[in-house]
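*Asks:* Take a look at the following structure, please.
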Amino acid sequence: MITVEEYLDATGRALSGMAGIVGGLGDELASTRPPVQGASSPYALLTHCLGVVDYWAGALVAGRVVERDRDAEFTAAGPVAPLIARVDATRVQLAADARAADFAAPLRAVPDKSFLGPAGIATQGAALLHVYEELAQHHGQMEILRDLLRPQSTVDTARLRRGTGVKWGAVAPDTIGAWVADMDLGVAPAVRHALLDAVDREDFGYPHWPDGDPVPAAFEAWMAGRHGWTPSGGHTRVFTDVLQVLQVMIEQTTRPGDGVAIHVPAYPPFLAAIVRSGRRIVPLGQSPMDGVRLLVLVNPQNPSGRVFRRAELEAVLELAERHDLPVLADEIHADLVYAPHRHIPFAALGPEAARRTVTTTSATKAFNLAGLRCAVAHVGPPALRARLDAMPPDIFGTPSTLGRLATVAAWRDGAGWLEGLRATLTANRAAVSAWAGGLPLRYTEPEGTYLAWLGGLRAPAPAAWLEETARVRLSEGAEFAEGTDVDTGDCARLNFATSPAVLAEILGRLTPRLR
């Protein structure tokens, strides 16, 4: 038989533990339901627990009048701070009720059968025991909800090295991969479920979509719900990745010798695609626009992490209108923008922007699916749509069934997991910014992406030097301006999409070399 104080310690630990989880998740994520059938949000589950305490200890043990709507508890949502304050007040009241209770005395009211409590509870002690059992059970459920909503807090680097991913597979066993833009943080449960379900069905035959390819509809709903832009129906085409979309755009809108304008530094495969196609890279804002036939806008920008403001996007649109250029808007990092910044789809600037813009994106960056190869292009220019539709149907290839299933699962059911990921990346970004602030580096905190652009590195080929001396592989800065006169030779790009522990090891290894 435990004492009242031992009872209050146990119930207090459960309530404090749940409040800590909800507080750690923050306002938006705490009210998010994970993609598991029947699961509540952490906010709603904690609200329910407070309802249990109020009713069983307050009404049935202490005899207070308690108004309770049990069904509403499971749909509750709101800011975290008032709920945590309510937890504190509930703990104080529970302590008073438990200390005043007569454990052997009968309840002060008959339990409401609609509240689904166990049958046979007749004493105040039994009611208080039920409170403890409910809190203990729901504390465990709360931990599961937290883990579903947040990505992995630890990373098994041995598992990553054993896989086929280039980020860890291409480095030496004593070297940490922090270069290519993949994440170490797993995938959304909804994606995992969709893929495993297909594997269990051995569903690898030629696909059949009775209601049409599900990817365009999932993309259109995601953009409308998350970014406030409603893509035009029938304008979305499915490709294998955004690099393929760029290559198709180059071939369809330019000729050899033409210029392709893009902000530099830029994603190296984009630069390589332009050069290998026999076109000229024209650094946007740094060179005349003579002979330019295509404008490529990467927003959020890679590698700088810059998120363009509306006025900046309107200036790009004015430039495109003045030179009558189609715009390829690569928005693959749009879902990884940090508050208070906000992603604005370029095509959402207005009808003129929509008519000249091809918006390309993919779930692969935000949901860690690069190897599954599935992307979309929303083709605004009518003449370009007609040319693409006139091409032989299989000339561009097509994503696999698994790539499509994963993409649809991410965009339809992955929002809760994504918020957890964003919380992890926000904390990691803060750690990188604090670290960089103590070193002689050029650094601006990224407004989007999970990539930090470091400048002022003193060694030639600094990424190669750091890999040799610190055993951390970064991306070489010079690669982000190859084929241009822009000098990024003293820069390197660091990928911070990993666990806090691995990130701490990365920064710890780099620090002595950068002081």
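By order in the structure tokens, chains are A, B, ...; within a chain, residues start at 1; ligands start at 1, following the order shown.
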DSSP on the backbone: what in region 7-202 of chain A comes out strand (DSSP E or B), as an MDAnalysis selection string?
*Replies:* chainID A and resid 106 123 176:177
*Asks:* Within 8 Å of Ala136 (chain A), counting only C-alpha atoms, which residues show up once you throw out same-chain ones fewer than 3 positions away? Write them as a PDB file with N, CA and C atoms, in the first residue's frame, please.
*Replies:*
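New file result08.pdb:
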ATOM      1  N   THR A  11       1.725  10.227  -9.856  1.00  0.00           N
ATOM      2  CA  THR A  11       0.824  10.928 -10.772  1.00  0.00           C
ATOM      3  C   THR A  11       1.447  12.232 -11.266  1.00  0.00           C
ATOM      4  N   ALA A  14       3.835  11.516 -14.100  1.00  0.00           N
ATOM      5  CA  ALA A  14       3.133  11.251 -15.360  1.00  0.00           C
ATOM      6  C   ALA A  14       2.624  12.547 -15.985  1.00  0.00           C
ATOM      7  N   TYR A 132      -4.525   7.176 -11.497  1.00  0.00           N
ATOM      8  CA  TYR A 132      -3.110   6.858 -11.711  1.00  0.00           C
ATOM      9  C   TYR A 132      -2.935   5.932 -12.914  1.00  0.00           C
ATOM     10  N   GLU A 133      -3.779   4.909 -13.012  1.00  0.00           N
ATOM     11  CA  GLU A 133      -3.658   3.960 -14.128  1.00  0.00           C
ATOM     12  C   GLU A 133      -3.849   4.660 -15.469  1.00  0.00           C
ATOM     13  N   HIS A 139       0.667   8.352 -20.440  1.00  0.00           N
ATOM     14  CA  HIS A 139       2.044   8.836 -20.528  1.00  0.00           C
ATOM     15  C   HIS A 139       2.822   7.991 -21.529  1.00  0.00           C
ATOM     16  N   GLY A 140       2.641   6.680 -21.475  1.00  0.00           N
ATOM     17  CA  GLY A 140       3.289   5.814 -22.452  1.00  0.00           C
ATOM     18  C   GLY A 140       2.809   6.091 -23.865  1.00  0.00           C
TER      19      GLY A 140
END
*Asks:* Within 10 Å of Asp27 (chain A), counting only C-alpha atoms, which residues qualify if same-chain residues fewer than 5 places away don't, as a PyMOL selection string?
*Replies:* chain A and resi 22+32+43+77-81
*Asks:* Create the file for the chosen residues now, containing C-alpha atoms and written as a PDB file, in the first residue's frame.
*Replies:*
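So the final result, stored in out20.pdb, reads:
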ATOM      1  CA  VAL A  22       3.599  18.675 -25.320  1.00  0.00           C
ATOM      2  CA  THR A  32      -1.091  17.409 -34.922  1.00  0.00           C
ATOM      3  CA  TYR A  43      -2.570  18.174 -27.057  1.00  0.00           C
ATOM      4  CA  ALA A  77      -6.337  21.921 -30.015  1.00  0.00           C
ATOM      5  CA  GLY A  78      -4.762  25.242 -29.191  1.00  0.00           C
ATOM      6  CA  PRO A  79      -1.675  26.997 -27.851  1.00  0.00           C
ATOM      7  CA  VAL A  80       0.503  24.957 -25.528  1.00  0.00           C
ATOM      8  CA  ALA A  81       1.193  27.501 -22.761  1.00  0.00           C
TER       9      ALA A  81
END
*Asks:* Which region 306-388 of chain A residues have any atom within 8 Å of an atom of region 176-196 of chain A, and for each, what is the nearest pair of atoms with distance in Å to one decimal, counting only C-alpha atoms, rows sorted by chain and number, as CSV?
*Replies:*
residue,atom,partner,partner_atom,distance
A:Lys365,CA,A:Asp182,CA,7.3
A:Phe367,CA,A:Val187,CA,6.1
A:Asn368,CA,A:Met183,CA,6.0
A:Leu369,CA,A:Val187,CA,7.7
A:Ala370,CA,A:Asp182,CA,7.3
*Asks:* Per DSSP on the backbone, filter region 174-300 of chain A down to the residues in helix (DSSP H, G or I) and report them as number ranges by chain.
*Replies:* A: 189-201, 214-227, 242-253, 268-276
*Asks:* Leaving out Ser16 (chain A) and any residue of its chain fewer than 6 positions from it, which residues lie within 12 Å of it when counting only C-alpha atoms, given as a PyMOL selection string?
*Replies:* chain A and resi 8-10+22-24+46+49-50+83-91+135-136+139+142
*Asks:* Only all heavy atoms, please: the residues just picked out, written as a short mmCIF file (atom, residue, chain, number, x, y, z; two decimals), in the first residue's frame.
*Replies:*
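File produced: result-v4.cif:
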data_model
loop_
_atom_site.label_atom_id
_atom_site.label_comp_id
_atom_site.auth_asym_id
_atom_site.auth_seq_id
_atom_site.Cartn_x
_atom_site.Cartn_y
_atom_site.Cartn_z
N LEU A 8 1.04 10.84 -5.11
CA LEU A 8 1.14 12.14 -5.76
C LEU A 8 2.44 12.28 -6.53
O LEU A 8 2.48 12.93 -7.59
CB LEU A 8 1.01 13.26 -4.72
CG LEU A 8 -0.37 13.38 -4.06
CD1 LEU A 8 -0.34 14.42 -2.96
CD2 LEU A 8 -1.43 13.75 -5.12
N ASP A 9 3.49 11.66 -6.04
CA ASP A 9 4.76 11.68 -6.79
C ASP A 9 4.61 10.96 -8.12
O ASP A 9 5.05 11.44 -9.17
CB ASP A 9 5.86 11.03 -5.96
CG ASP A 9 7.19 11.02 -6.70
OD1 ASP A 9 7.76 12.11 -6.93
OD2 ASP A 9 7.66 9.91 -7.04
N ALA A 10 3.94 9.79 -8.11
CA ALA A 10 3.77 9.01 -9.33
C ALA A 10 2.85 9.72 -10.33
O ALA A 10 3.16 9.81 -11.52
CB ALA A 10 3.21 7.62 -8.99
N VAL A 22 4.42 17.71 -24.59
CA VAL A 22 3.60 18.68 -25.32
C VAL A 22 4.34 20.01 -25.46
O VAL A 22 4.35 20.62 -26.54
CB VAL A 22 2.25 18.86 -24.61
CG1 VAL A 22 1.49 20.06 -25.17
CG2 VAL A 22 1.40 17.60 -24.74
N GLY A 23 4.99 20.46 -24.40
CA GLY A 23 5.74 21.70 -24.48
C GLY A 23 6.89 21.61 -25.46
O GLY A 23 7.16 22.56 -26.21
N GLY A 24 7.56 20.47 -25.48
CA GLY A 24 8.67 20.28 -26.41
C GLY A 24 8.23 20.25 -27.86
O GLY A 24 8.97 20.67 -28.76
N LEU A 46 -3.46 15.00 -23.68
CA LEU A 46 -3.23 15.63 -22.39
C LEU A 46 -4.52 16.30 -21.89
O LEU A 46 -4.82 16.24 -20.69
CB LEU A 46 -2.10 16.67 -22.50
CG LEU A 46 -1.71 17.39 -21.21
CD1 LEU A 46 -1.40 16.41 -20.08
CD2 LEU A 46 -0.53 18.33 -21.45
N CYS A 49 -6.51 13.62 -20.33
CA CYS A 49 -5.99 13.24 -19.02
C CYS A 49 -6.43 14.22 -17.94
O CYS A 49 -6.78 13.82 -16.81
CB CYS A 49 -4.46 13.15 -19.06
SG CYS A 49 -3.84 11.73 -19.98
N LEU A 50 -6.42 15.50 -18.27
CA LEU A 50 -6.88 16.49 -17.30
C LEU A 50 -8.37 16.32 -17.02
O LEU A 50 -8.83 16.50 -15.88
CB LEU A 50 -6.59 17.90 -17.81
CG LEU A 50 -5.10 18.23 -17.99
CD1 LEU A 50 -4.94 19.65 -18.50
CD2 LEU A 50 -4.32 18.01 -16.71
N LEU A 83 -2.40 25.28 -21.74
CA LEU A 83 -2.63 23.88 -21.36
C LEU A 83 -1.63 23.45 -20.29
O LEU A 83 -2.00 22.76 -19.33
CB LEU A 83 -2.52 22.98 -22.60
CG LEU A 83 -2.82 21.50 -22.35
CD1 LEU A 83 -4.27 21.30 -21.92
CD2 LEU A 83 -2.54 20.68 -23.61
N ILE A 84 -0.38 23.85 -20.43
CA ILE A 84 0.62 23.49 -19.42
C ILE A 84 0.31 24.18 -18.10
O ILE A 84 0.49 23.60 -17.02
CB ILE A 84 2.03 23.82 -19.93
CG1 ILE A 84 2.36 22.90 -21.12
CG2 ILE A 84 3.07 23.67 -18.83
CD1 ILE A 84 3.70 23.16 -21.76
N ALA A 85 -0.18 25.42 -18.17
CA ALA A 85 -0.59 26.11 -16.93
C ALA A 85 -1.74 25.35 -16.27
O ALA A 85 -1.80 25.24 -15.04
CB ALA A 85 -0.99 27.55 -17.24
N ARG A 86 -2.63 24.80 -17.08
CA ARG A 86 -3.73 24.02 -16.53
C ARG A 86 -3.22 22.74 -15.87
O ARG A 86 -3.77 22.29 -14.86
CB ARG A 86 -4.73 23.69 -17.64
CG ARG A 86 -6.00 23.04 -17.15
CD ARG A 86 -6.95 22.73 -18.29
NE ARG A 86 -7.92 21.72 -17.88
CZ ARG A 86 -8.64 20.99 -18.72
NH1 ARG A 86 -8.50 21.18 -20.03
NH2 ARG A 86 -9.49 20.10 -18.27
N VAL A 87 -2.16 22.14 -16.44
CA VAL A 87 -1.56 20.95 -15.82
C VAL A 87 -1.05 21.30 -14.42
O VAL A 87 -1.28 20.56 -13.45
CB VAL A 87 -0.41 20.40 -16.69
CG1 VAL A 87 0.38 19.33 -15.94
CG2 VAL A 87 -0.96 19.83 -17.99
N ASP A 88 -0.38 22.43 -14.30
CA ASP A 88 0.15 22.84 -13.00
C ASP A 88 -0.98 23.02 -11.99
O ASP A 88 -0.88 22.57 -10.83
CB ASP A 88 0.94 24.13 -13.14
CG ASP A 88 2.21 23.96 -13.97
OD1 ASP A 88 2.69 22.80 -14.07
OD2 ASP A 88 2.70 24.95 -14.52
N ALA A 89 -2.06 23.67 -12.43
CA ALA A 89 -3.20 23.88 -11.52
C ALA A 89 -3.86 22.55 -11.16
O ALA A 89 -4.29 22.35 -10.00
CB ALA A 89 -4.21 24.82 -12.18
N THR A 90 -3.92 21.64 -12.10
CA THR A 90 -4.54 20.34 -11.85
C THR A 90 -3.72 19.54 -10.84
O THR A 90 -4.28 18.85 -9.97
CB THR A 90 -4.70 19.56 -13.17
OG1 THR A 90 -5.57 20.28 -14.04
CG2 THR A 90 -5.26 18.17 -12.93
N ARG A 91 -2.42 19.61 -10.94
CA ARG A 91 -1.57 18.90 -9.98
C ARG A 91 -1.81 19.42 -8.56
O ARG A 91 -1.88 18.63 -7.60
CB ARG A 91 -0.10 19.07 -10.36
CG ARG A 91 0.35 18.26 -11.55
CD ARG A 91 1.85 18.30 -11.72
NE ARG A 91 2.53 17.69 -10.56
CZ ARG A 91 3.86 17.67 -10.40
NH1 ARG A 91 4.64 18.22 -11.31
NH2 ARG A 91 4.39 17.10 -9.34
N LEU A 135 -3.30 7.88 -16.11
CA LEU A 135 -2.17 8.76 -16.38
C LEU A 135 -0.95 7.97 -16.82
O LEU A 135 -0.22 8.36 -17.74
CB LEU A 135 -1.84 9.60 -15.15
CG LEU A 135 -2.92 10.60 -14.71
CD1 LEU A 135 -2.45 11.37 -13.49
CD2 LEU A 135 -3.28 11.56 -15.84
N ALA A 136 -0.68 6.84 -16.16
CA ALA A 136 0.47 6.03 -16.53
C ALA A 136 0.33 5.49 -17.95
O ALA A 136 1.28 5.50 -18.74
CB ALA A 136 0.63 4.88 -15.53
N HIS A 139 0.67 8.35 -20.44
CA HIS A 139 2.04 8.84 -20.53
C HIS A 139 2.82 7.99 -21.53
O HIS A 139 3.57 8.51 -22.36
CB HIS A 139 2.71 8.79 -19.15
CG HIS A 139 4.07 9.42 -19.12
ND1 HIS A 139 4.97 9.19 -18.10
CD2 HIS A 139 4.69 10.25 -19.98
CE1 HIS A 139 6.07 9.86 -18.34
NE2 HIS A 139 5.94 10.51 -19.47
N MET A 142 1.71 8.91 -24.92
CA MET A 142 2.24 10.22 -25.30
C MET A 142 3.66 10.09 -25.86
O MET A 142 4.03 10.76 -26.83
CB MET A 142 2.23 11.15 -24.09
CG MET A 142 2.65 12.58 -24.42
SD MET A 142 1.36 13.51 -25.28
CE MET A 142 0.29 13.92 -23.89
#
*Asks:* Quick one: distance from CA of Ser475 (chain A) to CA of Leu494 (chain A) in Å, one decimal?
*Replies:*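 CA of Ser475 (chain A) sits 6.7 Å away from CA of Leu494 (chain A).
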